[in-house]
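A.B. asks: Starting off with a structure, shown below.
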Amino acid sequence: MSPPELEAYLHAHIPLSKAMQVSVQMADEAAVVLAAPLAPNINHRETVFGGSASAVAILAAWSLLHTRLQRAGIASRLVIQRNSMDYGLPITGDFTARSFVPEEVETWPAFLRMLTRKARGRIAVGAVLEQKGREVGRLEGEFVALGASAG
């Protein structure tokens with residue numbers, strides 16, 4: 001799935017992404033990078049609202065799993081089960097969220113095995129929020145894929 005295709009998918013199926021003006025900068029096997037401007041995500045302190053920062057980080061993590069499962073030909077329902085968000089610094093302008101699978105060599109194959117054998121798989125995904133090349137936040141999330149079938 002190309003970045004424009006992923007962006008169109010997000011805007012059509014997750015309307016909040018369109019309202020937040022989220023754009024897809026990159027989408028490959030290793031990471032998805034989403035960008036969001038300050039204006040539609042601003043709070044009363046003229047920084048990014050914490051809920052917006054968290055939503056963009058979750059979207060980036062979800063998008064990485066969604067695109068990887070599509071590439072693997074596996075259709076499933078993908079939901080977030082839990083997450084923790086660290087807000088390191090106030091975000092004073094446009095920002096990005098880059099997602100990744102920690103310890104991928106071990107976790108991705110195990111996730112796919114469980115998903116195809118049991119129709120349910122669980123995996124941890126991270127995302128780093130950055131503004132002007134500086135880390136400003138970090139998400140750790142756990143996602144569950146349900147009902148795997150050949151897509």
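Quick note on naming: the chains in the structure tokens go A, B, ... in the order shown, residues restart at 1 in each chain, and ligands are numbered from 1 in order of appearance.
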As an mmCIF file with C-alpha atoms, in the first residue's frame, which residues of chain A does DSSP assign to strand (DSSP E or B)?
C.D. replies:
```
data_model
loop_
_atom_site.group_PDB
_atom_site.id
_atom_site.type_symbol
_atom_site.label_atom_id
_atom_site.label_comp_id
_atom_site.auth_asym_id
_atom_site.auth_seq_id
_atom_site.Cartn_x
_atom_site.Cartn_y
_atom_site.Cartn_z
ATOM 1 C CA SER A 23 -0.825 12.834 6.052
ATOM 2 C CA VAL A 24 1.251 9.759 5.274
ATOM 3 C CA GLN A 25 4.897 10.608 4.633
ATOM 4 C CA MET A 26 6.214 7.064 4.402
ATOM 5 C CA ALA A 27 4.869 3.527 4.524
ATOM 6 C CA VAL A 32 4.962 4.165 8.837
ATOM 7 C CA VAL A 33 5.516 7.887 9.278
ATOM 8 C CA LEU A 34 2.471 10.108 9.693
ATOM 9 C CA ALA A 35 2.553 13.897 9.872
ATOM 10 C CA ALA A 36 0.068 16.287 11.452
ATOM 11 C CA ILE A 42 -4.015 22.834 19.003
ATOM 12 C CA VAL A 48 -0.597 20.069 20.395
ATOM 13 C CA ILE A 74 -3.974 -11.738 5.749
ATOM 14 C CA ALA A 75 -7.333 -10.078 6.347
ATOM 15 C CA SER A 76 -8.271 -9.555 9.993
ATOM 16 C CA ARG A 77 -9.808 -7.068 12.406
ATOM 17 C CA LEU A 78 -7.052 -5.079 14.043
ATOM 18 C CA VAL A 79 -7.707 -3.303 17.346
ATOM 19 C CA ILE A 80 -5.639 -1.652 20.028
ATOM 20 C CA GLN A 81 -5.851 -3.437 23.360
ATOM 21 C CA ARG A 82 -3.826 -1.072 25.541
ATOM 22 C CA ASN A 83 -1.243 1.653 25.310
ATOM 23 C CA SER A 84 0.910 4.003 27.314
ATOM 24 C CA MET A 85 1.972 7.416 26.123
ATOM 25 C CA ASP A 86 4.892 9.489 27.360
ATOM 26 C CA TYR A 87 4.752 13.192 26.565
ATOM 27 C CA PHE A 95 4.916 16.907 14.140
ATOM 28 C CA THR A 96 5.383 13.323 12.977
ATOM 29 C CA ALA A 97 4.812 9.856 14.397
ATOM 30 C CA ARG A 98 7.096 7.010 13.259
ATOM 31 C CA SER A 99 5.942 3.502 14.132
ATOM 32 C CA PHE A 100 8.043 0.357 14.532
ATOM 33 C CA ARG A 120 -5.956 -14.268 17.143
ATOM 34 C CA GLY A 121 -2.551 -12.672 17.535
ATOM 35 C CA ARG A 122 -1.151 -10.039 19.883
ATOM 36 C CA ILE A 123 1.836 -7.795 19.203
ATOM 37 C CA ALA A 124 3.544 -4.753 20.697
ATOM 38 C CA VAL A 125 4.148 -1.751 18.460
ATOM 39 C CA GLY A 126 5.897 1.501 19.283
ATOM 40 C CA ALA A 127 5.768 4.994 17.876
ATOM 41 C CA VAL A 128 8.026 7.990 18.361
ATOM 42 C CA LEU A 129 6.666 11.511 18.056
ATOM 43 C CA GLU A 130 9.095 14.082 16.668
ATOM 44 C CA GLN A 131 9.079 17.789 15.996
ATOM 45 C CA ARG A 134 13.628 16.083 18.183
ATOM 46 C CA GLU A 135 11.800 13.352 20.095
ATOM 47 C CA VAL A 136 8.809 14.850 21.920
ATOM 48 C CA GLY A 137 6.818 11.763 22.836
ATOM 49 C CA ARG A 138 6.660 7.992 22.728
ATOM 50 C CA LEU A 139 3.870 5.418 22.516
ATOM 51 C CA GLU A 140 3.966 1.773 23.516
ATOM 52 C CA GLY A 141 0.909 -0.077 22.321
ATOM 53 C CA GLU A 142 -0.393 -3.618 22.243
ATOM 54 C CA PHE A 143 -2.592 -4.590 19.321
ATOM 55 C CA VAL A 144 -4.738 -7.637 18.715
ATOM 56 C CA ALA A 145 -5.601 -9.044 15.292
ATOM 57 C CA LEU A 146 -8.732 -11.198 15.158
ATOM 58 C CA GLY A 147 -10.141 -13.617 12.592
ATOM 59 C CA ALA A 148 -7.300 -14.149 10.143
ATOM 60 C CA SER A 149 -8.259 -15.258 6.651
ATOM 61 C CA ALA A 150 -6.551 -15.209 3.277
#
```
A.B. asks: Which polymer residues have any atom within 10 Å of an atom of Leu38 in chain A, counting only C-alpha atoms, with same-chain residues fewer than 4 positions away left out, as a ChimeraX atom specification?
C.D. replies: /A:20-21,42-43,46-49,52,91-95
A.B. asks: With distances taken over only C-alpha atoms, which residue among A:Leu59, A:Arg71, A:Ala39, A:Gly50 lies nearest Leu10 in chain A?
C.D. replies: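 Nearest to Leu10 in chain A: A:Leu59.
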A.B. asks: Sorted by chain and rising residue number, which residues of range 64-88 of chain A lie within 12 Å of range 4-8 of chain A, and what are their closest atom pairs and distances in Å to one decimal, counting only C-alpha atoms, as a Markdown table?
C.D. replies:
```
| residue | atom | partner | partner_atom | distance |
| --- | --- | --- | --- | --- |
| A:Leu64 | CA | A:Leu6 | CA | 10.0 |
| A:Leu65 | CA | A:Leu6 | CA | 11.9 |
| A:His66 | CA | A:Leu6 | CA | 9.4 |
| A:Thr67 | CA | A:Leu6 | CA | 8.1 |
| A:Arg68 | CA | A:Leu6 | CA | 11.8 |
| A:Gln70 | CA | A:Leu6 | CA | 11.2 |
```
A.B. asks: Ranking A:Leu112, A:Ala61, A:Ala55, A:Leu69 by minimum distance to Leu16 in chain A and counting only C-alpha atoms, which one comes first?
C.D. replies: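 Closest residue, counting only C-alpha atoms: A:Ala55.
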A.B. asks: Let's see if you can do this: from backbone DSSP, list all alpha helix (DSSP H) residues in range 31-84 of chain A, as an MDAnalysis selection string.
C.D. replies: chainID A and resid 50:71
A.B. asks: Just N, CA, C and O atoms for this one: save the residues we selected as a PDB file, in the first residue's frame.
C.D. replies:
```
ATOM      1  N   GLY A  50      -2.869  16.766  23.867  1.00  0.00           N
ATOM      2  CA  GLY A  50      -2.356  15.433  24.170  1.00  0.00           C
ATOM      3  C   GLY A  50      -3.133  14.325  23.491  1.00  0.00           C
ATOM      4  O   GLY A  50      -2.561  13.330  23.037  1.00  0.00           O
ATOM      5  N   GLY A  51      -4.441  14.468  23.402  1.00  0.00           N
ATOM      6  CA  GLY A  51      -5.259  13.465  22.725  1.00  0.00           C
ATOM      7  C   GLY A  51      -4.928  13.360  21.251  1.00  0.00           C
ATOM      8  O   GLY A  51      -4.946  12.273  20.677  1.00  0.00           O
ATOM      9  N   SER A  52      -4.609  14.484  20.626  1.00  0.00           N
ATOM     10  CA  SER A  52      -4.206  14.467  19.213  1.00  0.00           C
ATOM     11  C   SER A  52      -2.864  13.768  19.047  1.00  0.00           C
ATOM     12  O   SER A  52      -2.688  12.961  18.131  1.00  0.00           O
ATOM     13  N   ALA A  53      -1.922  14.072  19.921  1.00  0.00           N
ATOM     14  CA  ALA A  53      -0.609  13.428  19.844  1.00  0.00           C
ATOM     15  C   ALA A  53      -0.748  11.921  19.996  1.00  0.00           C
ATOM     16  O   ALA A  53      -0.165  11.148  19.225  1.00  0.00           O
ATOM     17  N   SER A  54      -1.535  11.501  20.971  1.00  0.00           N
ATOM     18  CA  SER A  54      -1.768  10.080  21.188  1.00  0.00           C
ATOM     19  C   SER A  54      -2.465   9.445  19.986  1.00  0.00           C
ATOM     20  O   SER A  54      -2.084   8.351  19.541  1.00  0.00           O
ATOM     21  N   ALA A  55      -3.467  10.122  19.447  1.00  0.00           N
ATOM     22  CA  ALA A  55      -4.209   9.577  18.299  1.00  0.00           C
ATOM     23  C   ALA A  55      -3.302   9.389  17.085  1.00  0.00           C
ATOM     24  O   ALA A  55      -3.378   8.361  16.399  1.00  0.00           O
ATOM     25  N   VAL A  56      -2.428  10.335  16.810  1.00  0.00           N
ATOM     26  CA  VAL A  56      -1.525  10.208  15.663  1.00  0.00           C
ATOM     27  C   VAL A  56      -0.540   9.062  15.889  1.00  0.00           C
ATOM     28  O   VAL A  56      -0.255   8.283  14.975  1.00  0.00           O
ATOM     29  N   ALA A  57      -0.045   8.917  17.104  1.00  0.00           N
ATOM     30  CA  ALA A  57       0.870   7.810  17.416  1.00  0.00           C
ATOM     31  C   ALA A  57       0.163   6.467  17.256  1.00  0.00           C
ATOM     32  O   ALA A  57       0.717   5.523  16.669  1.00  0.00           O
ATOM     33  N   ILE A  58      -1.065   6.350  17.761  1.00  0.00           N
ATOM     34  CA  ILE A  58      -1.830   5.110  17.616  1.00  0.00           C
ATOM     35  C   ILE A  58      -2.115   4.825  16.148  1.00  0.00           C
ATOM     36  O   ILE A  58      -1.987   3.685  15.690  1.00  0.00           O
ATOM     37  N   LEU A  59      -2.484   5.860  15.393  1.00  0.00           N
ATOM     38  CA  LEU A  59      -2.729   5.687  13.953  1.00  0.00           C
ATOM     39  C   LEU A  59      -1.488   5.175  13.228  1.00  0.00           C
ATOM     40  O   LEU A  59      -1.580   4.317  12.344  1.00  0.00           O
ATOM     41  N   ALA A  60      -0.326   5.706  13.583  1.00  0.00           N
ATOM     42  CA  ALA A  60       0.913   5.260  12.938  1.00  0.00           C
ATOM     43  C   ALA A  60       1.182   3.787  13.247  1.00  0.00           C
ATOM     44  O   ALA A  60       1.522   3.000  12.358  1.00  0.00           O
ATOM     45  N   ALA A  61       1.007   3.401  14.505  1.00  0.00           N
ATOM     46  CA  ALA A  61       1.232   2.005  14.899  1.00  0.00           C
ATOM     47  C   ALA A  61       0.217   1.086  14.228  1.00  0.00           C
ATOM     48  O   ALA A  61       0.577   0.032  13.673  1.00  0.00           O
ATOM     49  N   TRP A  62      -1.047   1.461  14.261  1.00  0.00           N
ATOM     50  CA  TRP A  62      -2.097   0.667  13.623  1.00  0.00           C
ATOM     51  C   TRP A  62      -1.830   0.537  12.121  1.00  0.00           C
ATOM     52  O   TRP A  62      -1.976  -0.543  11.545  1.00  0.00           O
ATOM     53  N   SER A  63      -1.429   1.632  11.501  1.00  0.00           N
ATOM     54  CA  SER A  63      -1.175   1.634  10.051  1.00  0.00           C
ATOM     55  C   SER A  63      -0.036   0.697   9.670  1.00  0.00           C
ATOM     56  O   SER A  63      -0.093   0.039   8.628  1.00  0.00           O
ATOM     57  N   LEU A  64       0.990   0.628  10.496  1.00  0.00           N
ATOM     58  CA  LEU A  64       2.097  -0.285  10.214  1.00  0.00           C
ATOM     59  C   LEU A  64       1.599  -1.725  10.206  1.00  0.00           C
ATOM     60  O   LEU A  64       1.888  -2.492   9.285  1.00  0.00           O
ATOM     61  N   LEU A  65       0.828  -2.099  11.206  1.00  0.00           N
ATOM     62  CA  LEU A  65       0.299  -3.466  11.249  1.00  0.00           C
ATOM     63  C   LEU A  65      -0.667  -3.715  10.097  1.00  0.00           C
ATOM     64  O   LEU A  65      -0.627  -4.769   9.464  1.00  0.00           O
ATOM     65  N   HIS A  66      -1.539  -2.759   9.826  1.00  0.00           N
ATOM     66  CA  HIS A  66      -2.513  -2.897   8.745  1.00  0.00           C
ATOM     67  C   HIS A  66      -1.813  -3.141   7.398  1.00  0.00           C
ATOM     68  O   HIS A  66      -2.173  -4.069   6.665  1.00  0.00           O
ATOM     69  N   THR A  67      -0.808  -2.346   7.092  1.00  0.00           N
ATOM     70  CA  THR A  67      -0.124  -2.494   5.801  1.00  0.00           C
ATOM     71  C   THR A  67       0.690  -3.791   5.746  1.00  0.00           C
ATOM     72  O   THR A  67       0.735  -4.449   4.714  1.00  0.00           O
ATOM     73  N   ARG A  68       1.297  -4.163   6.859  1.00  0.00           N
ATOM     74  CA  ARG A  68       2.072  -5.417   6.863  1.00  0.00           C
ATOM     75  C   ARG A  68       1.177  -6.641   6.716  1.00  0.00           C
ATOM     76  O   ARG A  68       1.532  -7.593   6.020  1.00  0.00           O
ATOM     77  N   LEU A  69       0.034  -6.625   7.362  1.00  0.00           N
ATOM     78  CA  LEU A  69      -0.898  -7.740   7.205  1.00  0.00           C
ATOM     79  C   LEU A  69      -1.428  -7.803   5.777  1.00  0.00           C
ATOM     80  O   LEU A  69      -1.576  -8.893   5.220  1.00  0.00           O
ATOM     81  N   GLN A  70      -1.682  -6.661   5.179  1.00  0.00           N
ATOM     82  CA  GLN A  70      -2.121  -6.647   3.785  1.00  0.00           C
ATOM     83  C   GLN A  70      -1.059  -7.249   2.878  1.00  0.00           C
ATOM     84  O   GLN A  70      -1.364  -8.056   2.011  1.00  0.00           O
ATOM     85  N   ARG A  71       0.203  -6.854   3.076  1.00  0.00           N
ATOM     86  CA  ARG A  71       1.296  -7.402   2.262  1.00  0.00           C
ATOM     87  C   ARG A  71       1.418  -8.917   2.441  1.00  0.00           C
ATOM     88  O   ARG A  71       1.800  -9.619   1.518  1.00  0.00           O
TER      89      ARG A  71
END
```
